>>> print(open('my_file.txt').read())   # compact mmCIF, C-alpha atoms
# COMPACT_ATOMS: atom_id res chain seq x y z
CA MET A 696 -27.22 8.79 -25.88
CA ARG A 697 -24.38 8.79 -23.39
CA ARG A 698 -24.89 11.03 -20.40
CA ILE A 699 -22.45 12.40 -17.87
CA VAL A 700 -23.46 11.90 -14.27
CA GLY A 701 -22.04 14.31 -11.72
CA ILE A 702 -21.46 12.74 -8.33
CA VAL A 703 -19.33 14.96 -6.13
CA LEU A 704 -17.45 13.53 -3.14
CA ALA A 705 -16.67 16.13 -0.48
CA ALA A 706 -13.44 14.46 0.54
CA LEU A 707 -10.30 16.45 1.22
CA LEU A 708 -6.89 14.95 1.88
CA MET A 709 -4.15 17.53 2.17
CA THR A 710 -5.05 19.47 -1.00
CA GLY A 711 -6.55 16.61 -2.99
CA VAL A 712 -10.23 16.93 -3.87
CA VAL A 713 -12.30 14.22 -5.53
CA VAL A 714 -14.34 15.24 -8.56
CA ALA A 715 -17.01 13.12 -10.23
CA VAL A 716 -16.62 12.95 -14.00
CA VAL A 717 -17.93 9.85 -15.70
CA ALA A 718 -20.73 7.34 -15.76
CA GLY A 719 -22.47 4.92 -18.03
CA ARG A 720 -25.37 5.43 -20.40
CA ASP A 721 -29.14 5.90 -20.43
CA ASN A 722 -31.07 2.73 -19.77
CA GLU A 723 -32.43 2.62 -23.29
CA ASP A 724 -28.89 2.62 -24.73
CA SER A 725 -27.14 0.30 -22.30
CA GLY A 726 -26.66 -2.60 -24.71
CA THR A 727 -26.24 -5.80 -22.73
CA ALA A 728 -24.94 -4.07 -19.60
CA THR A 729 -26.42 -5.63 -16.47
CA LYS A 730 -23.89 -4.86 -13.71
CA THR A 731 -22.91 -1.39 -12.53
CA VAL A 732 -19.34 -0.97 -11.29
CA ARG A 733 -18.66 2.08 -9.14
CA MET A 734 -15.03 3.12 -9.11
CA VAL A 735 -12.54 5.87 -8.23
CA ILE A 736 -9.87 6.57 -10.84
CA GLY A 737 -6.95 8.90 -11.45
CA SER A 738 -8.04 11.90 -13.54
CA GLU A 739 -5.83 10.93 -16.50
CA LYS A 740 -8.18 7.98 -17.16
CA ALA A 741 -11.39 10.06 -17.20
CA GLU A 742 -11.46 10.46 -20.99
CA PHE A 743 -10.90 6.74 -21.46
CA PHE A 744 -13.90 5.70 -19.38
CA ALA A 745 -16.04 8.51 -20.90
CA ASP A 746 -15.26 7.34 -24.47
CA PRO A 747 -18.50 6.03 -26.06
CA ASP A 748 -16.54 3.17 -27.64
CA VAL A 749 -15.25 2.12 -24.22
CA VAL A 750 -18.76 2.38 -22.78
CA LYS A 751 -20.01 0.20 -25.63
CA ALA A 752 -17.22 -2.37 -25.21
CA LEU A 753 -17.91 -2.66 -21.49
CA ALA A 754 -21.67 -2.93 -22.10
CA ALA A 755 -21.05 -5.78 -24.52
CA LYS A 756 -19.41 -7.63 -21.61
CA GLY A 757 -22.28 -6.81 -19.27
CA TYR A 758 -20.95 -3.77 -17.40
CA THR A 759 -21.79 -0.12 -16.89
CA VAL A 760 -19.13 1.97 -15.16
CA GLN A 761 -19.63 4.93 -12.85
CA ALA A 762 -16.22 6.55 -12.39
CA GLU A 763 -15.17 9.45 -10.20
CA THR A 764 -11.74 11.04 -10.21
CA SER A 765 -9.32 11.68 -7.39
CA GLY A 766 -5.65 12.37 -6.99
CA SER A 767 -4.07 8.94 -6.68
CA TRP A 768 -2.44 9.72 -3.34
CA ALA A 769 -5.59 11.39 -2.06
CA MET A 770 -7.49 8.10 -2.48
CA GLU A 771 -5.95 6.85 0.75
CA GLY A 772 -8.06 9.35 2.70
CA LEU A 773 -11.40 8.47 1.07
CA ASP A 774 -14.13 6.23 2.41
CA LEU A 775 -14.56 3.70 -0.40
CA LYS A 776 -17.42 1.78 1.20
CA GLY A 777 -19.92 1.02 -1.56
CA TYR A 778 -17.29 1.14 -4.31
CA ASP A 779 -16.28 -1.83 -6.43
CA LEU A 780 -12.85 -0.75 -7.64
CA ALA A 781 -10.11 1.80 -7.08
CA LEU A 782 -7.74 2.48 -9.97
CA PRO A 783 -4.92 4.83 -8.93
CA SER A 784 -2.11 5.70 -11.30
CA SER A 785 0.69 3.76 -9.65
CA GLN A 786 1.40 0.78 -7.47
CA ALA A 787 2.40 2.52 -4.23
CA PRO A 788 -0.98 4.12 -3.43
CA ALA A 789 -2.68 0.94 -4.65
CA LEU A 790 -0.75 -1.11 -2.10
CA GLU A 791 -1.80 1.32 0.64
CA LEU A 792 -5.44 0.95 -0.39
CA ALA A 793 -5.12 -2.84 -0.56
CA ALA A 794 -3.76 -2.91 2.99
CA LYS A 795 -6.49 -0.56 4.23
CA TYR A 796 -9.30 -2.64 2.71
CA ARG A 797 -7.63 -6.02 3.28
CA VAL A 798 -7.42 -6.88 -0.40
CA THR A 799 -5.17 -9.91 -0.84
CA GLY A 800 -3.45 -11.44 -3.84
CA THR A 801 -1.69 -9.86 -6.80
CA LEU A 802 -3.16 -6.51 -7.82
CA PRO A 803 -3.93 -6.32 -11.57
CA ARG A 804 -1.94 -3.73 -13.56
CA PRO A 805 -3.80 -3.59 -16.89
CA PHE A 806 -1.79 -0.78 -18.49
CA TYR A 807 0.96 1.74 -17.83
CA SER A 808 2.51 4.96 -19.09
CA PRO A 809 6.01 6.36 -18.57
CA LEU A 810 6.62 9.92 -17.48
CA VAL A 811 8.04 12.13 -20.22
CA VAL A 812 9.14 15.74 -20.56
CA VAL A 813 7.33 17.77 -23.19
CA ALA A 814 9.30 20.70 -24.54
CA HIS A 815 8.83 23.36 -27.16
CA LYS A 816 11.22 22.85 -30.04
CA ASN A 817 13.41 25.86 -29.26
CA ALA A 818 13.83 24.73 -25.67
CA ALA A 819 14.64 21.15 -26.71
CA GLU A 820 17.33 22.29 -29.13
CA VAL A 821 18.93 24.52 -26.49
CA LEU A 822 18.93 21.64 -23.98
CA ALA A 823 20.56 19.38 -26.58
CA GLY A 824 23.20 22.01 -27.34
CA ASN A 825 24.15 22.16 -23.67
CA GLY A 826 24.31 18.44 -22.89
CA LEU A 827 21.00 18.32 -21.04
CA ALA A 828 19.23 16.34 -23.76
CA ALA A 829 19.92 14.38 -26.93
CA LEU A 830 17.61 14.44 -29.96
CA ASP A 831 17.21 11.26 -32.03
CA ALA A 832 14.29 12.38 -34.23
CA GLU A 833 12.65 15.66 -35.19
CA HIS A 834 10.17 15.52 -32.32
CA ARG A 835 11.76 13.01 -29.94
CA GLY A 836 14.80 12.65 -27.73
CA THR A 837 16.28 11.82 -24.34
CA PHE A 838 16.30 14.00 -21.23
CA ARG A 839 19.48 13.56 -19.19
CA MET A 840 18.36 13.47 -15.58
CA GLY A 841 21.83 13.58 -14.03
CA ALA A 842 22.83 16.67 -15.99
CA TYR A 843 19.50 18.33 -15.20
CA LEU A 844 19.87 17.70 -11.46
CA ASP A 845 23.39 19.18 -11.60
CA ALA A 846 21.91 22.27 -13.27
CA ALA A 847 19.22 22.48 -10.58
CA ARG A 848 21.82 22.29 -7.80
CA ALA A 849 23.67 25.19 -9.42
CA ASP A 850 20.48 27.24 -9.94
CA ARG A 851 21.28 27.55 -13.64
CA THR A 852 19.16 29.90 -15.73
CA TRP A 853 18.19 29.70 -19.37
CA GLN A 854 20.34 32.78 -20.00
CA GLN A 855 23.42 30.78 -18.94
CA LEU A 856 22.80 28.19 -21.68
CA LYS A 857 24.43 28.83 -25.03
CA GLY A 858 21.95 29.48 -27.80
CA ALA A 859 19.10 30.52 -25.50
CA GLY A 860 19.62 34.24 -25.98
CA LYS A 861 17.86 34.33 -29.35
CA TYR A 862 14.62 33.02 -27.86
CA GLY A 863 12.80 35.59 -25.76
CA GLU A 864 10.61 32.98 -24.04
CA LEU A 865 13.63 31.17 -22.55
CA THR A 866 14.36 33.26 -19.48
CA GLY A 867 14.62 32.72 -15.75
CA THR A 868 15.53 29.59 -13.82
CA LEU A 869 15.73 26.33 -15.74
CA TYR A 870 13.23 23.87 -14.27
CA LEU A 871 10.61 21.21 -15.01
CA SER A 872 7.00 21.96 -14.20
CA SER A 873 5.42 19.08 -12.28
CA THR A 874 2.29 18.50 -10.25
CA ASP A 875 1.89 18.67 -6.47
CA PRO A 876 3.72 15.57 -5.13
CA GLU A 877 1.57 15.40 -2.01
CA THR A 878 -1.63 14.73 -3.93
CA SER A 879 -0.70 13.91 -7.53
CA ASN A 880 0.82 10.68 -8.75
CA SER A 881 3.00 12.21 -11.47
CA GLY A 882 4.50 14.71 -9.01
CA ALA A 883 5.30 11.94 -6.53
CA LEU A 884 6.86 9.73 -9.23
CA TYR A 885 9.02 12.68 -10.36
CA LEU A 886 10.47 12.78 -6.84
CA ALA A 887 10.98 9.00 -6.93
CA ALA A 888 13.06 9.25 -10.13
CA ALA A 889 14.97 12.36 -9.06
CA SER A 890 15.77 10.97 -5.60
CA TYR A 891 17.00 7.72 -7.16
CA VAL A 892 19.46 9.58 -9.38
CA ALA A 893 20.49 11.95 -6.57
CA ASN A 894 21.09 8.96 -4.27
CA GLY A 895 23.68 7.45 -6.61
CA GLY A 896 21.35 5.08 -8.44
CA LYS A 897 19.82 3.60 -5.29
CA VAL A 898 16.24 3.79 -4.10
CA VAL A 899 15.87 6.07 -1.08
CA ALA A 900 15.06 3.90 1.92
CA SER A 901 16.59 5.30 5.13
CA ASP A 902 16.20 8.49 7.14
CA ALA A 903 19.76 9.40 6.21
CA GLU A 904 19.00 9.06 2.49
CA VAL A 905 15.83 11.12 2.87
CA ALA A 906 17.88 13.84 4.59
CA LYS A 907 20.53 13.63 1.87
CA THR A 908 18.16 14.03 -1.07
CA GLY A 909 15.56 16.29 0.57
CA PRO A 910 17.24 19.66 -0.08
CA LEU A 911 17.58 19.01 -3.82
CA LEU A 912 13.97 17.85 -4.08
CA ASN A 913 12.92 21.04 -2.30
CA LYS A 914 14.78 23.04 -4.96
CA LEU A 915 13.02 21.14 -7.74
CA VAL A 916 9.60 21.93 -6.28
CA SER A 917 9.99 25.35 -4.63
CA VAL A 918 11.26 27.00 -7.83
CA GLN A 919 7.90 26.22 -9.46
CA GLY A 920 5.72 28.25 -7.12
CA ALA A 921 2.09 27.13 -7.21
CA GLN A 922 1.72 23.67 -8.74
CA GLN A 923 -1.17 22.14 -10.65
CA SER A 924 -3.07 19.30 -8.98
CA SER A 925 -3.27 17.23 -12.16
CA THR A 926 -1.25 16.68 -15.32
CA ASP A 927 -4.35 17.31 -17.43
CA ALA A 928 -4.34 21.03 -16.65
CA ALA A 929 -0.56 21.31 -16.99
CA PHE A 930 -0.57 19.59 -20.37
CA ARG A 931 -3.43 21.72 -21.68
CA ASP A 932 -1.55 24.86 -20.67
CA PHE A 933 1.58 23.62 -22.44
CA VAL A 934 -0.25 22.77 -25.67
CA SER A 935 -1.92 26.20 -25.64
CA GLY A 936 1.51 27.84 -25.41
CA ALA A 937 1.14 29.03 -21.83
CA GLY A 938 3.37 28.33 -18.86
CA ASN A 939 6.83 26.82 -18.54
CA PRO A 940 8.66 25.52 -21.66
CA LEU A 941 9.39 22.16 -19.94
CA VAL A 942 6.57 20.14 -18.39
CA LEU A 943 6.51 16.63 -16.93
CA VAL A 944 3.46 14.68 -18.14
CA TYR A 945 2.38 11.15 -18.97
CA GLU A 946 3.30 9.72 -22.36
CA SER A 947 -0.35 8.67 -22.66
CA GLN A 948 -1.42 12.32 -22.83
CA VAL A 949 0.84 12.96 -25.80
CA ALA A 950 -0.22 9.73 -27.49
CA SER A 951 -3.90 10.57 -27.05
CA LEU A 952 -3.35 14.03 -28.55
CA LEU A 953 -1.62 12.51 -31.57
CA ALA A 954 -4.31 9.84 -31.93
CA ASP A 955 -6.85 12.65 -32.27
CA GLY A 956 -4.97 13.82 -35.35
CA GLN A 957 -3.21 16.74 -33.70
CA GLN A 958 0.51 16.99 -34.46
CA PRO A 959 1.79 20.28 -33.08
CA GLY A 960 5.02 21.00 -34.91
CA ASP A 961 6.46 22.79 -31.89
CA LEU A 962 6.21 19.71 -29.62
CA VAL A 963 9.22 17.58 -28.69
CA VAL A 964 8.89 14.53 -26.41
CA LEU A 965 11.94 13.87 -24.23
CA TYR A 966 12.16 10.51 -22.46
CA PRO A 967 14.12 10.86 -19.20
CA ASP A 968 17.04 8.41 -19.23
CA THR A 969 15.92 7.52 -15.70
CA THR A 970 12.19 7.60 -15.14
CA VAL A 971 9.33 5.81 -13.42
CA ASN A 972 6.42 4.12 -15.14
CA SER A 973 2.96 5.00 -13.99
CA ASP A 974 1.59 1.48 -13.46
CA HIS A 975 -2.17 1.89 -13.34
CA THR A 976 -2.94 -0.62 -10.61
CA ALA A 977 -6.41 -1.93 -9.77
CA VAL A 978 -7.60 -2.55 -6.22
CA PRO A 979 -10.73 -4.72 -6.51
CA LEU A 980 -13.08 -4.17 -3.57
CA THR A 981 -15.85 -6.52 -4.80
CA GLU A 982 -16.19 -9.45 -7.19
CA ASN A 983 -17.59 -7.11 -9.86
CA GLY A 984 -14.57 -4.88 -9.45
CA LYS A 985 -12.27 -7.87 -9.78
CA ALA A 986 -14.01 -9.00 -12.96
CA LEU A 987 -13.79 -5.52 -14.51
CA ALA A 988 -10.08 -5.25 -13.70
CA ALA A 989 -9.53 -8.60 -15.44
CA LEU A 990 -11.39 -7.35 -18.52
CA LEU A 991 -9.24 -4.22 -18.71
CA ALA A 992 -6.14 -6.41 -18.72
CA ALA A 993 -7.22 -9.14 -21.13
CA ASP A 994 -10.07 -8.10 -23.43
CA PRO A 995 -8.68 -7.44 -26.95
CA ARG A 996 -11.14 -4.64 -27.75
CA LEU A 997 -10.46 -2.82 -24.47
CA ARG A 998 -6.71 -3.20 -24.98
CA GLU A 999 -7.11 -1.66 -28.44
CA LEU A 1000 -8.99 1.27 -26.90
CA GLU A 1001 -6.39 1.67 -24.19
CA VAL A 1002 -3.78 2.15 -26.91
CA ARG A 1003 -6.04 4.68 -28.63
CA HIS A 1004 -5.99 6.69 -25.40
CA GLY A 1005 -2.21 6.47 -25.19
CA PHE A 1006 -1.79 3.75 -22.56
CA ARG A 1007 0.55 0.81 -22.97
CA PRO A 1008 -1.22 -2.50 -22.23
CA GLN A 1009 0.88 -4.89 -20.18
CA GLY A 1010 2.53 -7.48 -22.38
CA ASP A 1011 3.04 -7.03 -26.11
CA ALA A 1012 4.84 -3.75 -26.86
CA ALA A 1013 3.89 -4.12 -30.53
CA GLU A 1014 0.33 -3.08 -29.66
CA PHE A 1015 1.53 0.43 -28.87
CA ALA A 1016 1.84 2.62 -31.96
CA SER A 1017 5.09 4.54 -32.33
CA ALA A 1018 3.27 7.71 -33.47
CA GLY A 1019 5.92 8.51 -36.06
CA THR A 1020 8.77 10.65 -34.79
CA TYR A 1021 7.15 11.66 -31.49
CA LEU A 1022 7.02 8.50 -29.36
CA LYS A 1023 9.07 5.36 -28.77
CA GLN A 1024 7.35 2.06 -29.49
CA ARG A 1025 9.77 0.26 -27.19
CA LEU A 1026 11.31 1.92 -24.17
CA THR A 1027 14.88 1.00 -24.97
CA GLY A 1028 17.52 3.12 -23.29
CA VAL A 1029 15.12 4.22 -20.56
CA ARG A 1030 16.09 3.10 -17.06
CA GLN A 1031 13.29 2.37 -14.61
CA ALA A 1032 13.92 3.68 -11.11
CA PRO A 1033 12.41 1.67 -8.24
CA VAL A 1034 9.79 3.58 -6.27
CA PRO A 1035 10.35 4.10 -2.52
CA THR A 1036 7.79 2.81 -0.05
CA SER A 1037 4.68 4.90 0.39
CA LYS A 1038 5.92 6.11 3.78
CA VAL A 1039 9.27 7.26 2.36
CA LEU A 1040 7.68 8.86 -0.69
CA HIS A 1041 5.25 10.80 1.50
CA GLU A 1042 8.18 12.08 3.54
CA LEU A 1043 10.10 13.06 0.40
CA ALA A 1044 7.02 14.95 -0.83
CA ARG A 1045 6.68 16.70 2.54
CA ARG A 1046 10.30 17.83 2.46
CA ALA A 1047 10.08 18.83 -1.18
CA ARG A 1048 7.10 21.04 -0.44
CA GLY A 1049 8.97 22.56 2.51
>>> encode(input="my_file.txt", output="structure tokens")
Amino acid sequence: MRRIVGIVLAALLMTGVVVAVVAGRDNEDSGTATKTVRMVIGSEKAEFFADPDVVKALAAKGYTVQAETSGSWAMEGLDLKGYDLALPSSQAPALELAAKYRVTGTLPRPFYSPLVVVAHKNAAEVLAGNGLAALDAEHRGTFRMGAYLDAARADRTWQQLKGAGKYGELTGTLYLSSTDPETSNSGALYLAAASYVANGGKVVASDAEVAKTGPLLNKLVSVQGAQQSSTDAAFRDFVSGAGNPLVLVYESQVASLLADGQQPGDLVVLYPDTTVNSDHTAVPLTENGKALAALLAADPRLRELEVRHGFRPQGDAAEFASAGTYLKQRLTGVRQAPVPTSKVLHELARRARG
């Protein structure tokens, strides 16, 4: 029987706290596993590494994994001595970790997931009727970032949008719910995409560009009040019907929900026309960590399980199921914004938080 091992790290960076969530299996059920790999991962990958089928697939290759979760940006403040692998949710914090621990060479990026906006159907239809979105299927469409940022600058409310009046839940300021950009990867990548659009389609790189885009980013964040520290909690709240009608999450979370057989009729997935992929990037700290990262990228069974959990393996897009009318199999029409350097992104997050 699989068991969950709780190993709590008392590490605090800004507001990011590490929480232990996953491990391997009892000795009598470890298959052929002979090597234990200790790793720190972004919380959105916890269910993947806890999946008994993933545990079994890794054991068949000779590995047991002990995984603990942390905000991707909070990993920079942890002492990873004794760990084999760090697996944050994007490349920027991974590069910072690689520099800190003197890891050389190309960092493996076994899978990725784009950021998407999940909306309740009423909200999606109102956005589409006001030029803020376009629907191309019953449960899928495009979120127009430029139009949304214009609305944010003008402090537009739902009541100012035609068609919103008949829906009692659509009231107050129009905004996207996102996670804390100082500790959470998805929140930081939201700022990367928004700042790129606000900067005229150029990645923010200079102090002048930070100053130019900072006030708008502060509006995007301050209107939300208290922010969640992870997309898991925000997505659960959305699915339960609580919270804001527009929430920024990972596509993988929606895909995993659908793979479990849940198809909430009220859910619409809007792909921002300018977004940032969450490139799950491995930082191998030992040879065992390096070997495990290579397995995640290349092993056919693990790639199949990655898709089951909603991630897109690097390479063949055909491996990713389209999930009917909810998700895109290929990300056509979605522009990828470059991500600023870690230093610039930290400063954007600081200004956004005020």
>>> closest_residue(input="my_file.txt", among="A:Ser765, A:Thr1027, A:Ser873, A:Gln854", to="Val916 of chain A", atoms="only C-alpha atoms")
A:Ser873
>>> residues_around(input="my_file.txt", residues="Lys730 of chain A", least_positions_apart="3", cutoff="7 Å", atoms="only C-alpha atoms", output="number ranges by chain")
A: 757-759
>>> atom_distance(input="my_file.txt", atom1="atom CA of Val905 of chain A", atom2="atom CA of Tyr807 of chain A")
27.2 Å
>>> residues_near_point(input="my_file.txt", point="(19.4, 10.8, -14.2)", cutoff="7 Å", atoms="only C-alpha atoms", output="list in words")
Arg839, Met840, Gly841, Ala889, Val892, Asp968 and Thr969 of chain A
>>> residues_around(input="my_file.txt", residues="segment 947-952 of chain A", least_positions_apart="2", cutoff="8 Å", atoms="all atoms listed in the file", output="ChimeraX atom specification")
/A:739,808-809,927,930,944-945,954-958,1003-1007,1018,1022
>>> write_last_selection(input="my_file.txt", atoms="C-alpha atoms", output="short mmCIF file (atom, residue, chain, number, x, y, z; two decimals), in the coordinates of the input")
data_model
loop_
_atom_site.label_atom_id
_atom_site.label_comp_id
_atom_site.auth_asym_id
_atom_site.auth_seq_id
_atom_site.Cartn_x
_atom_site.Cartn_y
_atom_site.Cartn_z
CA GLU A 739 -5.83 10.93 -16.50
CA SER A 808 2.51 4.96 -19.09
CA PRO A 809 6.01 6.36 -18.57
CA ASP A 927 -4.35 17.31 -17.43
CA PHE A 930 -0.57 19.59 -20.37
CA VAL A 944 3.46 14.68 -18.14
CA TYR A 945 2.38 11.15 -18.97
CA ALA A 954 -4.31 9.84 -31.93
CA ASP A 955 -6.85 12.65 -32.27
CA GLY A 956 -4.97 13.82 -35.35
CA GLN A 957 -3.21 16.74 -33.70
CA GLN A 958 0.51 16.99 -34.46
CA ARG A 1003 -6.04 4.68 -28.63
CA HIS A 1004 -5.99 6.69 -25.40
CA GLY A 1005 -2.21 6.47 -25.19
CA PHE A 1006 -1.79 3.75 -22.56
CA ARG A 1007 0.55 0.81 -22.97
CA ALA A 1018 3.27 7.71 -33.47
CA LEU A 1022 7.02 8.50 -29.36
#
>>> closest_residue(input="my_file.txt", among="A:Leu941, A:Val978, A:Val735, A:Leu830", to="Gly800 of chain A", atoms="all atoms listed in the file")
A:Val978
>>> atom_distance(input="my_file.txt", atom1="atom CA of His975 of chain A", atom2="atom CA of Leu987 of chain A")
13.8 Å
>>> atom_distance(input="my_file.txt", atom1="atom CA of Arg804 of chain A", atom2="atom CA of Asp932 of chain A")
29.5 Å
>>> closest_residue(input="my_file.txt", among="A:Glu742, A:Glu1042, A:Glu864, A:Asp779", to="Glu904 of chain A", atoms="only C-alpha atoms")
A:Glu1042
